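Engineer: Dropping in coords.cif, with mmCIF, C-alpha atoms and all ligand atoms.
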```
data_upload
loop_
_atom_site.label_atom_id
_atom_site.label_comp_id
_atom_site.auth_asym_id
_atom_site.auth_seq_id
_atom_site.Cartn_x
_atom_site.Cartn_y
_atom_site.Cartn_z
CA VAL A 115 24.63 -84.54 19.53
CA SER A 116 26.00 -83.75 23.00
CA LEU A 117 29.01 -81.45 23.38
CA LEU A 118 31.40 -81.41 26.32
CA ILE A 119 33.46 -78.25 26.82
CA THR A 120 36.14 -79.12 29.32
CA ASN A 121 39.36 -77.80 30.83
CA ILE A 122 37.59 -74.51 31.61
CA SER A 123 39.57 -72.38 34.08
CA GLU A 124 36.45 -70.52 35.22
CA LEU A 125 32.87 -71.40 34.29
CA VAL A 126 30.55 -68.53 35.21
CA THR A 127 27.12 -70.10 35.74
CA ASN A 128 25.12 -67.47 37.66
CA ALA A 129 23.35 -70.50 39.09
CA PRO A 130 23.50 -72.31 42.43
CA ARG A 131 25.97 -75.17 42.05
CA GLU A 132 23.89 -78.03 43.33
CA THR A 133 20.64 -76.99 41.75
CA VAL A 134 19.36 -78.97 38.83
CA ARG A 135 16.41 -77.68 36.82
CA ALA A 136 17.38 -74.18 37.97
CA TYR A 137 15.44 -72.04 35.55
CA SER A 138 15.76 -68.88 37.60
CA PRO A 139 19.12 -67.07 37.39
CA GLY A 140 20.91 -67.11 40.73
CA PRO A 141 23.59 -64.77 42.01
CA PHE A 142 27.00 -64.62 40.32
CA GLU A 143 28.46 -68.08 40.69
CA ALA A 144 31.53 -69.62 39.06
CA ILE A 145 33.19 -73.03 39.09
CA SER A 146 36.97 -73.42 38.73
CA ASP A 147 38.54 -76.26 36.69
CA ALA A 148 35.12 -76.89 35.23
CA ALA A 149 33.26 -78.46 32.35
CA VAL A 150 29.84 -77.99 30.79
CA VAL A 151 27.75 -80.33 28.65
CA LEU A 152 25.32 -79.07 26.01
CA ASP A 153 22.65 -81.20 24.39
CA ALA A 154 19.67 -80.36 22.21
CA GLY A 155 20.28 -76.64 22.67
CA ARG A 156 20.30 -76.78 26.48
CA VAL A 157 22.83 -77.01 29.28
CA THR A 158 22.54 -80.55 30.63
CA TRP A 159 25.44 -80.70 33.10
CA THR A 160 27.96 -78.41 34.82
CA GLY A 161 30.62 -79.26 37.37
CA LEU A 162 34.27 -80.11 37.88
CA ALA A 163 36.10 -81.20 34.74
CA ALA A 164 37.34 -84.26 36.64
CA ASP A 165 33.74 -85.42 37.10
CA ALA A 166 32.49 -84.66 33.59
CA PRO A 167 30.41 -87.30 31.81
CA ALA A 168 31.26 -88.50 28.30
CA ALA A 169 29.76 -86.70 25.31
CA ASP A 170 29.61 -87.15 21.53
CA GLU A 171 31.98 -84.24 20.89
CA VAL A 172 34.61 -82.56 23.05
CA VAL A 173 36.03 -79.03 22.97
CA ASP A 174 39.17 -78.37 25.01
CA ALA A 175 38.93 -74.86 26.47
CA ALA A 176 42.65 -75.04 27.29
CA GLY A 177 42.34 -73.09 30.51
CA ARG A 178 40.07 -70.37 29.21
CA ALA A 179 36.93 -68.94 30.84
CA VAL A 180 33.36 -69.70 29.74
CA LEU A 181 30.45 -67.36 30.55
CA PRO A 182 26.76 -67.10 29.69
CA GLY A 183 26.28 -65.12 26.47
CA PHE A 184 25.60 -61.44 27.03
CA VAL A 185 21.96 -60.36 27.16
CA ASP A 186 21.73 -56.84 25.75
CA SER A 187 18.31 -55.69 26.94
CA HIS A 188 18.36 -52.21 25.37
CA ALA A 189 19.27 -51.42 21.76
CA HIS A 190 17.95 -49.25 18.93
CA LEU A 191 19.06 -51.04 15.79
CA VAL A 192 16.42 -50.25 13.15
CA PHE A 193 17.58 -47.02 11.54
CA ALA A 194 19.39 -45.54 8.55
CA GLY A 195 22.11 -42.94 8.34
CA GLU A 196 24.75 -42.06 10.90
CA ARG A 197 25.62 -39.14 13.16
CA GLY A 198 29.40 -39.13 13.33
CA ALA A 199 29.54 -35.37 12.79
CA GLU A 200 27.10 -34.79 15.67
CA PHE A 201 29.33 -36.93 17.89
CA ALA A 202 32.39 -34.93 16.89
CA ALA A 203 30.55 -31.67 17.59
CA ARG A 204 29.49 -32.98 21.00
CA MET A 205 33.07 -33.88 21.84
CA ALA A 206 33.96 -30.32 20.81
CA GLY A 207 31.59 -28.99 23.46
CA LEU A 208 27.96 -29.07 22.29
CA PRO A 209 25.50 -30.76 24.71
CA TYR A 210 23.44 -33.87 23.87
CA SER A 211 19.71 -33.32 23.50
CA ALA A 212 16.86 -35.60 22.48
CA GLY A 213 16.33 -33.46 19.35
CA GLY A 214 19.18 -35.09 17.40
CA ILE A 215 16.96 -38.14 16.96
CA ARG A 216 15.09 -36.25 14.24
CA GLY A 217 17.98 -36.55 11.78
CA THR A 218 17.86 -40.31 12.11
CA VAL A 219 14.07 -40.24 11.73
CA ALA A 220 14.38 -38.46 8.38
CA ALA A 221 17.01 -40.94 7.13
CA THR A 222 15.02 -43.93 8.35
CA ARG A 223 11.81 -42.80 6.66
CA SER A 224 13.55 -42.44 3.32
CA ALA A 225 15.37 -45.79 3.54
CA SER A 226 14.10 -48.94 1.82
CA ASP A 227 13.12 -52.00 3.85
CA ASP A 228 16.22 -53.77 2.57
CA GLU A 229 18.51 -50.93 3.68
CA LEU A 230 17.03 -51.16 7.18
CA ARG A 231 17.40 -54.95 7.08
CA SER A 232 21.02 -54.92 5.99
CA ASN A 233 21.99 -52.27 8.55
CA LEU A 234 20.29 -54.33 11.26
CA ALA A 235 21.96 -57.54 10.08
CA ARG A 236 25.38 -55.89 10.19
CA LEU A 237 24.81 -54.72 13.78
CA ALA A 238 23.44 -58.13 14.81
CA ARG A 239 26.59 -59.81 13.42
CA GLU A 240 28.73 -57.28 15.27
CA MET A 241 26.92 -58.09 18.52
CA LEU A 242 27.20 -61.84 18.08
CA ALA A 243 30.94 -61.58 17.41
CA GLN A 244 31.26 -59.69 20.70
CA GLY A 245 29.40 -62.34 22.65
CA THR A 246 25.83 -61.02 22.68
CA THR A 247 23.54 -64.02 22.21
CA THR A 248 20.25 -62.23 22.94
CA PHE A 249 19.40 -58.62 22.21
CA GLU A 250 16.35 -56.44 22.48
CA CYS A 251 15.56 -54.16 19.53
CA LYS A 252 13.38 -51.05 19.54
CA SER A 253 11.52 -49.18 16.85
CA GLY A 254 11.36 -45.42 17.27
CA TYR A 255 12.98 -43.85 14.21
CA GLY A 256 9.94 -44.18 11.95
CA LEU A 257 7.31 -42.31 13.94
CA THR A 258 4.59 -42.79 11.33
CA VAL A 259 2.17 -45.71 11.39
CA ALA A 260 3.79 -47.31 8.35
CA ASP A 261 7.40 -46.66 9.38
CA GLU A 262 6.93 -47.90 12.93
CA ALA A 263 5.07 -50.97 11.69
CA ARG A 264 7.87 -51.90 9.28
CA SER A 265 10.48 -51.19 12.00
CA VAL A 266 8.98 -53.70 14.43
CA ALA A 267 8.44 -56.19 11.62
CA VAL A 268 12.10 -55.97 10.51
CA ALA A 269 13.27 -56.23 14.14
CA GLY A 270 11.15 -59.35 14.59
CA GLU A 271 13.13 -61.07 11.84
CA VAL A 272 16.25 -61.07 14.06
CA THR A 273 15.02 -61.21 17.68
CA PRO A 274 11.93 -62.15 19.69
CA GLU A 275 12.63 -59.19 22.03
CA VAL A 276 10.97 -56.47 19.94
CA THR A 277 9.95 -53.18 21.50
CA TYR A 278 7.46 -50.69 20.11
CA LEU A 279 8.90 -47.21 20.81
CA GLY A 280 6.59 -44.94 18.86
CA ALA A 281 6.91 -42.59 21.86
CA HIS A 282 10.60 -41.90 21.24
CA VAL A 283 10.26 -38.21 20.30
CA VAL A 284 7.48 -36.06 18.86
CA PRO A 285 8.12 -36.00 15.10
CA PRO A 286 8.37 -32.63 13.31
CA GLU A 287 4.94 -32.85 11.68
CA PHE A 288 3.42 -32.85 15.20
CA ASP A 289 5.36 -29.79 16.43
CA GLY A 290 3.13 -28.01 18.94
CA ASP A 291 0.74 -30.99 19.11
CA ALA A 292 2.35 -33.55 21.38
CA ALA A 293 -1.10 -34.64 22.56
CA GLY A 294 -2.12 -35.38 19.00
CA TYR A 295 0.99 -37.50 18.53
CA VAL A 296 0.40 -39.42 21.77
CA ASP A 297 -3.11 -40.19 20.51
CA LEU A 298 -1.60 -41.64 17.34
CA VAL A 299 0.99 -43.65 19.33
CA CYS A 300 -1.81 -45.07 21.50
CA GLY A 301 -4.18 -45.57 18.58
CA ASP A 302 -3.53 -46.51 14.97
CA MET A 303 0.24 -46.81 15.36
CA LEU A 304 -0.08 -49.18 18.31
CA ALA A 305 -2.66 -51.26 16.47
CA ALA A 306 -0.26 -51.61 13.53
CA CYS A 307 2.75 -52.48 15.71
CA ALA A 308 1.37 -54.62 18.53
CA PRO A 309 1.17 -57.86 16.49
CA SER A 310 4.95 -57.70 15.86
CA ALA A 311 6.13 -56.56 19.31
CA LYS A 312 6.52 -57.96 22.83
CA TRP A 313 7.24 -54.68 24.64
CA VAL A 314 6.02 -51.08 24.75
CA ASP A 315 8.48 -48.33 25.70
CA VAL A 316 8.35 -44.54 26.14
CA PHE A 317 11.10 -41.94 26.45
CA CYS A 318 10.00 -40.15 29.63
CA ASP A 319 12.43 -37.28 30.08
CA GLU A 320 13.12 -33.60 29.52
CA GLY A 321 12.44 -32.76 25.87
CA ALA A 322 10.60 -36.06 25.35
CA PHE A 323 7.37 -37.23 27.05
CA GLY A 324 5.97 -36.30 30.48
CA ALA A 325 4.55 -38.57 33.18
CA ASP A 326 0.91 -38.48 32.07
CA GLU A 327 1.87 -39.08 28.45
CA ALA A 328 4.12 -41.98 29.50
CA ARG A 329 1.35 -43.51 31.61
CA ALA A 330 -1.05 -43.27 28.68
CA VAL A 331 1.40 -44.94 26.28
CA LEU A 332 2.23 -47.81 28.64
CA ALA A 333 -1.43 -48.40 29.54
CA ALA A 334 -2.48 -48.45 25.89
CA GLY A 335 0.38 -50.84 25.09
CA GLU A 336 -0.62 -53.18 27.90
CA ALA A 337 -4.22 -53.14 26.73
CA ALA A 338 -2.89 -54.27 23.34
CA GLY A 339 -0.98 -57.16 24.94
CA LEU A 340 2.47 -55.57 25.22
CA GLN A 341 4.60 -55.49 28.38
CA PRO A 342 5.92 -52.13 29.65
CA ARG A 343 9.50 -50.86 29.90
CA ILE A 344 10.71 -47.26 29.93
CA HIS A 345 13.49 -44.77 29.23
CA ALA A 346 13.71 -42.88 32.53
CA ASN A 347 15.77 -40.23 34.27
CA GLN A 348 18.51 -40.03 31.65
CA LEU A 349 18.78 -36.30 31.04
CA GLY A 350 17.70 -35.07 34.46
CA PRO A 351 15.57 -35.86 37.51
CA GLY A 352 12.00 -36.70 36.58
CA PRO A 353 8.99 -38.95 37.05
CA GLY A 354 10.10 -41.81 34.77
CA VAL A 355 11.19 -44.28 37.44
CA GLN A 356 8.01 -43.74 39.47
CA VAL A 357 5.91 -44.26 36.34
CA ALA A 358 7.85 -47.48 35.63
CA VAL A 359 7.27 -48.90 39.08
CA GLU A 360 3.58 -47.92 39.09
CA ALA A 361 3.16 -49.67 35.74
CA GLY A 362 5.02 -52.79 36.90
CA ALA A 363 7.54 -52.26 34.10
CA ALA A 364 10.17 -54.95 33.55
CA ALA A 365 12.85 -52.28 33.50
CA ALA A 366 13.56 -48.59 33.98
CA ASP A 367 16.45 -47.79 31.69
CA HIS A 368 19.21 -45.17 32.15
CA CYS A 369 18.51 -44.22 35.83
CA THR A 370 21.22 -41.57 35.72
CA PHE A 371 19.47 -38.94 37.85
CA LEU A 372 17.61 -40.62 40.73
CA SER A 373 16.09 -39.27 43.93
CA ASP A 374 16.11 -41.32 47.14
CA ALA A 375 12.40 -41.96 46.51
CA ASP A 376 13.24 -43.36 43.06
CA VAL A 377 15.81 -45.75 44.51
CA ASP A 378 13.39 -46.82 47.25
CA ALA A 379 10.65 -47.39 44.69
CA LEU A 380 12.91 -49.59 42.55
CA ALA A 381 14.07 -51.56 45.60
CA ALA A 382 10.48 -52.13 46.74
CA SER A 383 9.16 -52.89 43.25
CA GLY A 384 9.96 -56.59 43.36
CA GLY A 385 10.55 -56.76 39.64
CA THR A 386 11.51 -53.50 37.96
CA VAL A 387 15.16 -53.78 36.93
CA ALA A 388 17.36 -50.67 36.78
CA THR A 389 19.14 -50.97 33.46
CA LEU A 390 22.30 -48.89 33.35
CA LEU A 391 23.72 -47.87 29.98
CA PRO A 392 27.25 -46.65 30.68
CA GLY A 393 28.12 -46.44 26.99
CA VAL A 394 25.76 -43.45 26.82
CA GLU A 395 27.54 -41.53 29.55
CA PHE A 396 30.87 -42.42 27.92
CA SER A 397 29.68 -41.23 24.50
CA THR A 398 27.96 -38.07 25.73
CA ARG A 399 30.58 -37.22 28.36
CA SER A 400 27.87 -37.20 31.04
CA PRO A 401 27.94 -38.20 34.70
CA TYR A 402 27.53 -41.96 35.20
CA PRO A 403 24.61 -43.43 37.16
CA ASP A 404 25.36 -44.33 40.77
CA ALA A 405 25.39 -48.11 40.49
CA ARG A 406 26.64 -48.63 44.04
CA ARG A 407 23.68 -46.73 45.48
CA LEU A 408 21.29 -49.00 43.58
CA LEU A 409 23.12 -52.19 44.54
CA ARG A 410 23.30 -51.11 48.18
CA ALA A 411 19.53 -50.59 48.17
CA GLY A 412 18.96 -54.09 46.79
CA VAL A 413 17.82 -53.02 43.32
CA THR A 414 18.34 -55.55 40.51
CA VAL A 415 20.81 -53.93 38.09
CA ALA A 416 21.30 -54.77 34.43
CA ILE A 417 23.85 -53.38 32.00
CA ALA A 418 23.01 -52.92 28.34
CA SER A 419 24.54 -51.15 25.36
CA ASP A 420 21.79 -48.73 24.22
CA CYS A 421 23.40 -49.14 20.81
CA ASN A 422 21.95 -46.32 18.69
CA PRO A 423 23.30 -43.87 16.10
CA GLY A 424 23.06 -40.79 18.37
CA SER A 425 23.93 -41.03 22.04
CA CYS A 426 25.93 -44.29 22.02
CA PHE A 427 27.03 -46.10 18.89
CA THR A 428 28.72 -49.08 20.48
CA SER A 429 27.35 -52.61 20.28
CA SER A 430 30.04 -53.95 22.61
CA MET A 431 28.90 -55.49 25.88
CA PRO A 432 32.55 -56.12 26.87
CA LEU A 433 33.11 -52.35 26.66
CA CYS A 434 30.00 -51.74 28.79
CA VAL A 435 31.27 -54.21 31.40
CA ALA A 436 34.63 -52.44 31.49
CA LEU A 437 32.92 -49.05 31.90
CA ALA A 438 30.65 -50.41 34.64
CA VAL A 439 33.68 -51.60 36.56
CA ARG A 440 35.94 -48.63 35.98
CA GLU A 441 33.45 -45.76 35.95
CA MET A 442 30.56 -47.04 38.09
CA ARG A 443 32.64 -48.95 40.65
CA MET A 444 30.88 -52.24 40.10
CA THR A 445 32.93 -55.33 40.89
CA THR A 446 33.85 -57.47 37.91
CA ALA A 447 31.41 -60.13 39.14
CA GLU A 448 28.58 -57.59 39.56
CA ALA A 449 29.18 -56.19 36.08
CA VAL A 450 29.26 -59.59 34.38
CA TRP A 451 26.13 -60.68 36.26
CA ALA A 452 24.37 -57.46 35.24
CA ALA A 453 25.35 -57.95 31.58
CA THR A 454 24.05 -61.53 31.52
CA ALA A 455 21.51 -62.49 34.22
CA GLY A 456 20.58 -58.86 34.82
CA GLY A 457 19.67 -58.43 31.17
CA ALA A 458 17.64 -61.64 31.33
CA HIS A 459 15.68 -60.28 34.30
CA ALA A 460 15.11 -57.04 32.38
CA LEU A 461 13.57 -59.12 29.58
CA ARG A 462 11.70 -61.36 32.04
CA ARG A 463 13.53 -64.38 30.64
CA SER A 464 14.57 -67.25 32.90
CA ASP A 465 16.06 -69.45 30.13
CA ILE A 466 19.03 -67.18 29.37
CA GLY A 467 21.66 -65.18 31.29
CA HIS A 468 22.81 -68.21 33.28
CA LEU A 469 24.20 -71.69 32.68
CA GLY A 470 22.17 -73.66 35.18
CA VAL A 471 21.02 -77.08 34.03
CA GLY A 472 18.08 -76.51 31.71
CA ALA A 473 19.24 -73.08 30.54
CA ARG A 474 19.47 -72.35 26.85
CA ALA A 475 22.99 -73.24 25.70
CA ASP A 476 24.03 -69.65 24.96
CA LEU A 477 27.62 -69.21 26.05
CA ILE A 478 30.90 -67.54 25.22
CA MET A 479 34.51 -68.55 25.62
CA LEU A 480 37.01 -65.82 26.46
CA ASP A 481 40.57 -65.83 25.27
CA ALA A 482 41.43 -65.28 28.94
CA PRO A 483 41.34 -67.30 32.17
CA SER A 484 38.64 -65.33 34.01
CA HIS A 485 35.66 -63.01 33.58
CA ALA A 486 37.70 -60.19 35.15
CA TYR A 487 39.70 -59.84 31.93
CA LEU A 488 36.68 -58.16 30.30
CA ALA A 489 37.51 -55.11 32.41
CA TYR A 490 41.19 -55.87 33.00
CA ARG A 491 41.89 -55.84 29.23
CA PRO A 492 39.46 -53.19 27.94
CA GLY A 493 39.18 -52.77 24.20
CA VAL A 494 40.89 -56.09 23.44
CA PRO A 495 38.83 -58.61 21.42
CA LEU A 496 38.60 -61.44 23.95
CA ILE A 497 35.65 -63.40 22.57
CA ALA A 498 37.20 -66.66 21.37
CA GLY A 499 33.97 -68.55 20.70
CA VAL A 500 30.20 -68.14 20.83
CA TRP A 501 27.55 -70.87 21.10
CA ARG A 502 23.86 -70.04 20.67
CA SER A 503 21.28 -72.72 21.47
CA GLY A 504 24.24 -75.11 21.49
CA GLU A 505 25.39 -74.21 17.97
CA HIS A 506 28.90 -72.83 17.48
CA VAL A 507 28.06 -69.55 15.73
CA ALA A 508 31.18 -67.39 16.08
ZN ZN A 601 17.54 -46.08 24.47
#
```
When written as C-alpha cells, how does the structure in this file appear?
Ligand SMILES: [Zn+2]

Structural biologist:
Amino acid sequence: VSLLITNISELVTNAPRETVRAYSPGPFEAISDAAVVLDAGRVTWTGLAADAPAADEVVDAAGRAVLPGFVDSHAHLVFAGERGAEFAARMAGLPYSAGGIRGTVAATRSASDDELRSNLARLAREMLAQGTTTFECKSGYGLTVADEARSVAVAGEVTPEVTYLGAHVVPPEFDGDAAGYVDLVCGDMLAACAPSAKWVDVFCDEGAFGADEARAVLAAGEAAGLQPRIHANQLGPGPGVQVAVEAGAAAADHCTFLSDADVDALAASGGTVATLLPGVEFSTRSPYPDARRLLRAGVTVAIASDCNPGSCFTSSMPLCVALAVREMRMTTAEAVWAATAGGAHALRRSDIGHLGVGARADLIMLDAPSHAYLAYRPGVPLIAGVWRSGEHVA
C-alpha cells in the first residue's frame, strides 16, 4: 500500500534533489511545498507537492515539516536502578566521575532479565515518541560474562545496533587488577557477547581505560567480527581519538577535550565520525565540545543522546538538537543533519538518516513548519507523527 504525505511546508531529505537511488546521505537538503511517497517500507518519490503522483492513501501534512527520523547512535539503555540523588548532588557542586557507574552495575546485576527488558522497552517507547526511529544500545552495566551476555541479548531484541561495552569501567572485584579485567573483556566475555553484538566499544578516558587497553579491546573485538567505536576525550585530553582513528573506528564519541592533532586526525580519517553528546555537558554542567572547530576542519559530526542513568538521563534528540544549536553554535540545519544523517554515518548505515529515494521510510512530522522549530521551541513536544519502515507508529 503506497502512502502519499503531501502539503509539507518543508521536507528535509538530506539527499540531492535530482538523485534517484541515492543510498548515501547527502548534505542537509530540504524541499519547500513538498510531498513524499512511501511504499513497501521505502521512500519511492520526493518532490514538489504539485507534481506528486497518486497513491493508495494520502496524509495531509497541513503545512507542517517532515524530517528523517532521528538516528541516536549512542545510548546506554540496558540497566536497572536510577541515580537521581547523584544528579542532585552534582548540581549542588560535586564533580562527575566515571566511578558512579558502579552503583548502576550493582543494580543491574541484581535485576531480573524481565526488569531489564521492561526498563529498556519503556526507554525505547520514549525515544520513538520523540522521533528516534533508530537507536544504538550498549551493554556495560553487567561487567561479568553472564551479565554482559544477557545485556547484549536483551538489547538485540529491540535494535540491530548492539554494542558490546564490557570495557566500560573496571568492576569492583577487579580493583587493582585492571589488566586481569581487560583479559576477561577480550576473552571469555567477548566470546559470550560477540554473537549478539555488531559493535565493540571502550571507555578510553581518565579513570577508565588507557590507550593500550583500548587498543587491545578493539583489536580483540574486531577479531571476533565486531566493528570498533569508542568513548574518547570526555573527561579530559587523552589518546582516545587517536586510538579511534588508528583502529578505523566508525565513531569517536564525546570529543569534548581535543588537541589540534586530534581534530586533524579526525578530518583526515575519511570515516571516523565525531559524535557529540551535548546532553552530557548539560547534565554534568561541563564545557561543551567545540563543534565549530570540528565542522571547520571538515570532520563529520553526529549528535546523539548518550541516554544513561548517570551522566545524561535524557532520551530526547529534540533537546540535543536545541543544545547543539544554542550551546555549540551549530546552525539548525547542521544540528538536524548531525542528529539524522550524522548518526547514520556513525552507525555506517546508508539506508537511514535521509529521505532519498530508496531510503528506509523512517520519518517524523513536526507540529511546526520547519526543522528550526526543534531549537526555536526547546522543550515543547513537537513530534506530531512518526513512521518507521513506512508504518505509522506514533
Ligand atoms: Zn556513553

Engineer: Show me a table, sorted first by chain and then by increasing residue number, of the residues of chain A having an atom at most 10 Å from ligand ZN 601 (chain A), each with its shortest atom pair and the distance in Å to one decimal, counting only C-alpha atoms and all ligand atoms and written as CSV.

Structural biologist:
```
residue,atom,partner,partner_atom,distance
A:Ser187,CA,A:ZN601,ZN,10.0
A:His188,CA,A:ZN601,ZN,6.2
A:Ala189,CA,A:ZN601,ZN,6.2
A:His190,CA,A:ZN601,ZN,6.4
A:Cys251,CA,A:ZN601,ZN,9.7
A:Lys252,CA,A:ZN601,ZN,8.1
A:Gly254,CA,A:ZN601,ZN,9.5
A:Leu279,CA,A:ZN601,ZN,9.5
A:His282,CA,A:ZN601,ZN,8.7
A:Asp315,CA,A:ZN601,ZN,9.4
A:Val316,CA,A:ZN601,ZN,9.5
A:Phe317,CA,A:ZN601,ZN,7.9
A:Ile344,CA,A:ZN601,ZN,8.8
A:His345,CA,A:ZN601,ZN,6.4
A:Ala346,CA,A:ZN601,ZN,9.5
A:Gln348,CA,A:ZN601,ZN,9.4
A:Asp367,CA,A:ZN601,ZN,7.5
A:His368,CA,A:ZN601,ZN,7.9
A:Leu391,CA,A:ZN601,ZN,8.5
A:Val394,CA,A:ZN601,ZN,8.9
A:Ala418,CA,A:ZN601,ZN,9.6
A:Ser419,CA,A:ZN601,ZN,8.7
A:Asp420,CA,A:ZN601,ZN,5.0
A:Cys421,CA,A:ZN601,ZN,7.6
A:Asn422,CA,A:ZN601,ZN,7.3
A:Gly424,CA,A:ZN601,ZN,9.8
A:Ser425,CA,A:ZN601,ZN,8.5
A:Cys426,CA,A:ZN601,ZN,8.9
```

Engineer: Please produce an output containing C-alpha atoms for each residue in the selection, written as a CSV table (one decimal), in the coordinates of the input.

Structural biologist:
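Written output follows (selection24.csv):
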```csv
chain,number,residue,atom,x,y,z
A,187,SER,CA,18.3,-55.7,26.9
A,188,HIS,CA,18.4,-52.2,25.4
A,189,ALA,CA,19.3,-51.4,21.8
A,190,HIS,CA,18.0,-49.2,18.9
A,251,CYS,CA,15.6,-54.2,19.5
A,252,LYS,CA,13.4,-51.0,19.5
A,254,GLY,CA,11.4,-45.4,17.3
A,279,LEU,CA,8.9,-47.2,20.8
A,282,HIS,CA,10.6,-41.9,21.2
A,315,ASP,CA,8.5,-48.3,25.7
A,316,VAL,CA,8.4,-44.5,26.1
A,317,PHE,CA,11.1,-41.9,26.4
A,344,ILE,CA,10.7,-47.3,29.9
A,345,HIS,CA,13.5,-44.8,29.2
A,346,ALA,CA,13.7,-42.9,32.5
A,348,GLN,CA,18.5,-40.0,31.6
A,367,ASP,CA,16.4,-47.8,31.7
A,368,HIS,CA,19.2,-45.2,32.2
A,391,LEU,CA,23.7,-47.9,30.0
A,394,VAL,CA,25.8,-43.4,26.8
A,418,ALA,CA,23.0,-52.9,28.3
A,419,SER,CA,24.5,-51.2,25.4
A,420,ASP,CA,21.8,-48.7,24.2
A,421,CYS,CA,23.4,-49.1,20.8
A,422,ASN,CA,22.0,-46.3,18.7
A,424,GLY,CA,23.1,-40.8,18.4
A,425,SER,CA,23.9,-41.0,22.0
A,426,CYS,CA,25.9,-44.3,22.0
```

Engineer: Restricting the calculation to only C-alpha atoms: of A:Asp465, A:Glu505, A:Glu327, A:Glu360, which residue gets closest to A:Ile478?

Structural biologist: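 That would be A:Glu505, the residue with the smallest distance to A:Ile478.
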
Engineer: Please compute the atom CA of A:Thr127-atom CA of A:Leu469 distance, one decimal, in Å.

Structural biologist: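 Taking atom CA of A:Thr127 as the start and atom CA of A:Leu469 as the end point, the length is 4.5 Å.
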
Engineer: Find, counting only C-alpha atoms, the residue in A:Leu242, A:Val284, A:Leu257, A:Ala330 that gets nearest to A:Pro432.

Structural biologist: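 Nearest to A:Pro432: A:Leu242.
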
Engineer: Need the shell around stretch 438-449 of chain A: protein/DNA/RNA residues with any atom at most 12 Å away, counting all atoms listed in the file. Skip same-chain ones fewer than 3 positions apart. Format as a ChimeraX atom specification?

Structural biologist: /A:126-128,141-144,181,184,370,389-396,399-410,414-419,431-435,452-457,484-492

Engineer: Can you fill out stretch 465-469 of chain A with all heavy atoms and hand it back as an mmCIF file, in the coordinates of the input?

Structural biologist:
```cif
data_model
loop_
_atom_site.group_PDB
_atom_site.id
_atom_site.type_symbol
_atom_site.label_atom_id
_atom_site.label_comp_id
_atom_site.auth_asym_id
_atom_site.auth_seq_id
_atom_site.Cartn_x
_atom_site.Cartn_y
_atom_site.Cartn_z
ATOM 1 N N ASP A 465 15.334 -68.393 30.861
ATOM 2 C CA ASP A 465 16.060 -69.450 30.130
ATOM 3 C C ASP A 465 17.437 -68.994 29.672
ATOM 4 O O ASP A 465 18.200 -69.796 29.139
ATOM 5 C CB ASP A 465 15.236 -69.905 28.919
ATOM 6 C CG ASP A 465 14.940 -68.770 27.946
ATOM 7 O OD1 ASP A 465 14.821 -67.605 28.385
ATOM 8 O OD2 ASP A 465 14.823 -69.047 26.733
ATOM 9 N N ILE A 466 17.752 -67.714 29.845
ATOM 10 C CA ILE A 466 19.030 -67.180 29.370
ATOM 11 C C ILE A 466 19.694 -66.387 30.507
ATOM 12 O O ILE A 466 19.095 -66.183 31.556
ATOM 13 C CB ILE A 466 18.837 -66.255 28.140
ATOM 14 C CG1 ILE A 466 17.821 -65.147 28.444
ATOM 15 C CG2 ILE A 466 18.377 -67.066 26.928
ATOM 16 C CD1 ILE A 466 17.668 -64.117 27.328
ATOM 17 N N GLY A 467 20.960 -65.990 30.292
ATOM 18 C CA GLY A 467 21.660 -65.180 31.290
ATOM 19 C C GLY A 467 22.328 -65.996 32.379
ATOM 20 O O GLY A 467 22.966 -65.462 33.268
ATOM 21 N N HIS A 468 22.164 -67.322 32.322
ATOM 22 C CA HIS A 468 22.810 -68.210 33.280
ATOM 23 C C HIS A 468 23.063 -69.552 32.608
ATOM 24 O O HIS A 468 22.548 -69.807 31.512
ATOM 25 C CB HIS A 468 21.944 -68.393 34.532
ATOM 26 C CG HIS A 468 20.680 -69.163 34.301
ATOM 27 N ND1 HIS A 468 20.477 -70.428 34.779
ATOM 28 C CD2 HIS A 468 19.560 -68.853 33.606
ATOM 29 C CE1 HIS A 468 19.276 -70.865 34.425
ATOM 30 N NE2 HIS A 468 18.690 -69.919 33.708
ATOM 31 N N LEU A 469 23.891 -70.370 33.242
ATOM 32 C CA LEU A 469 24.200 -71.690 32.680
ATOM 33 C C LEU A 469 23.817 -72.787 33.665
ATOM 34 O O LEU A 469 24.503 -73.809 33.784
ATOM 35 C CB LEU A 469 25.693 -71.769 32.307
ATOM 36 C CG LEU A 469 26.144 -70.769 31.220
ATOM 37 C CD1 LEU A 469 27.652 -70.900 30.960
ATOM 38 C CD2 LEU A 469 25.363 -70.967 29.920
#
```
